[in-house]
Amino acid sequence: MAKSNPFRFSTKYQDDETGLLYFGYRYYNASMGRWPSRDPIGEIQRPKARAENVYSFCGNDGVDYWDYLGLWLGSDHRSLTSKSFSSAWNGLGDASPCSGKKLLSVISDANVATDTKQPYASDLKQHYNRGIAEFSDVARDAYVSHVQSVVVEYSKLLEGKPDRGKCLEALQKLGRVSHSWQDYYAHAIGLNSPYWGDPGPIDGNPDSPSANLKPASWGGYNNWGEHGPSEPASREADMGLNRYVKAESFVTGKYPKMLQAWLAKCRCHCGGDWP
Ligand SMILES: [Zn+2]
């Protein structure tokens, strides 16, 4: 099955990679107690990162880096995506011969790849993050135009009579934009929040981000900026902000039209081991 389909993702590889990524975080998180000062000014004044390490996903030992891209694990993105997709899919009516399970698997793999594969992984705007010296409004605008452009690319792929390749690419774009949508809720912090752990109220949405929120900054290795283990809501607790719920609900609202458009053009390709 895998051999007959050149487009099939290697899920295990991604999961292994994700596992490594999060091992880094856990290790770092577990050793947090040994860091005497969390003074944000101190953090910002740390020496500049070794640039070659910032986006490196291999060759590190787990102590030197952690997942700068997000506090939501790959499994969190998968479960959010699955919930949103299922709600939309169930409302679409007869989608045969396409398999919702297979479509979801392509979408979810592409979603998680946004944190694990280049060039998406290193592109901070795709994660509602910004560089430590980047202005909030510039980063916010870059995020919005990124999200919009992916949606436009999605529609373009479905123009005319798309072949299987374009249909597959469209699903992957849907997965990646889903990740960016979800990351708005994961990373947004209060505009005047100087450091980690002060998420502020979560309002606005990925199409219209709140002016009271900003993308958390990432300064690289040993130069955490506002993007740290307790920003914005920890993996363990949502701080009562319902980021999860809001992310799920936003994406659920986006899916029906987009899936409908996909089915209209691509369901003729479904069947066998293809979505
Ligand atoms: Zn991310």
# chains A, B, ... in the order shown; residues from 1 in each chain; ligands from 1

call {"tool": "closest_atom_pairs", "arguments": {"of": "chain A", "to": "ligand 1", "cutoff": "8 Å", "atoms": "only C-alpha atoms and all ligand atoms", "output": "tab-separated table"}}
result
residue	atom	partner	partner_atom_place_in_ligand_line	distance
A:Leu69	CA	ligand 1	1 (Zn)	4.7
A:Gly70	CA	ligand 1	1 (Zn)	5.0
A:Trp72	CA	ligand 1	1 (Zn)	7.7
A:Val112	CA	ligand 1	1 (Zn)	7.9
A:Thr114	CA	ligand 1	1 (Zn)	6.2
A:Asp115	CA	ligand 1	1 (Zn)	5.0
A:Ala121	CA	ligand 1	1 (Zn)	7.3
A:Gln126	CA	ligand 1	1 (Zn)	6.9
A:His127	CA	ligand 1	1 (Zn)	4.3
A:Tyr128	CA	ligand 1	1 (Zn)	7.7
A:His179	CA	ligand 1	1 (Zn)	6.4
A:Ser180	CA	ligand 1	1 (Zn)	6.7
A:Asp183	CA	ligand 1	1 (Zn)	5.6

call {"tool": "residues_around", "arguments": {"residues": "Ala247 in chain A", "least_positions_apart": "2", "cutoff": "10 Å", "atoms": "only C-alpha atoms", "output": "NGL selection string"}}
result
:A and (77 or 80-81 or 84 or 178-179 or 181-186 or 205-206 or 242-245 or 249-252)

call {"tool": "write_last_selection", "arguments": {"atoms": "C-alpha atoms", "output": "compact mmCIF listing (two decimals), in the first residue's frame"}}
result
# COMPACT_ATOMS: atom_id res chain seq x y z
CA HIS A 77 -2.62 19.24 17.14
CA LEU A 80 -7.74 19.20 17.78
CA THR A 81 -7.70 18.55 14.04
CA SER A 84 -12.78 19.74 14.00
CA SER A 178 -5.06 24.29 10.32
CA HIS A 179 -1.83 24.23 12.28
CA TRP A 181 -4.92 28.60 12.91
CA GLN A 182 -4.47 26.45 15.99
CA ASP A 183 -1.19 28.11 16.90
CA TYR A 184 -2.89 31.50 17.20
CA TYR A 185 -4.61 30.12 20.26
CA ALA A 186 -1.48 28.42 21.52
CA ASN A 205 -9.24 34.91 15.83
CA PRO A 206 -6.73 33.91 13.16
CA ASN A 242 -10.21 27.74 26.81
CA ARG A 243 -7.52 28.07 24.16
CA TYR A 244 -8.09 24.47 23.17
CA VAL A 245 -11.82 24.88 22.88
CA SER A 249 -14.25 25.79 17.36
CA PHE A 250 -12.50 28.16 14.93
CA VAL A 251 -11.15 25.34 12.79
CA THR A 252 -14.48 23.50 12.91

call {"tool": "closest_residue", "arguments": {"among": "A:Gly272, A:Pro162, A:Gly175, A:Gly93", "to": "Ala113 in chain A", "atoms": "only C-alpha atoms"}}
result
A:Gly175

call {"tool": "residues_around", "arguments": {"residues": "Val147 in chain A", "least_positions_apart": "2", "cutoff": "9 Å", "atoms": "only C-alpha atoms", "output": "list in words"}}
result
Gln126, Ala142, Tyr143, Val144, Ser145, Ser149, Val150, Val151, Val152, Val177, Ser180, Trp181, Pro206 and Asp207 of chain A

call {"tool": "closest_residue", "arguments": {"among": "A:Asp163, A:Asp137, A:Glu248, A:Asp76", "to": "Cys268 in chain A", "atoms": "only C-alpha atoms"}}
result
A:Asp163
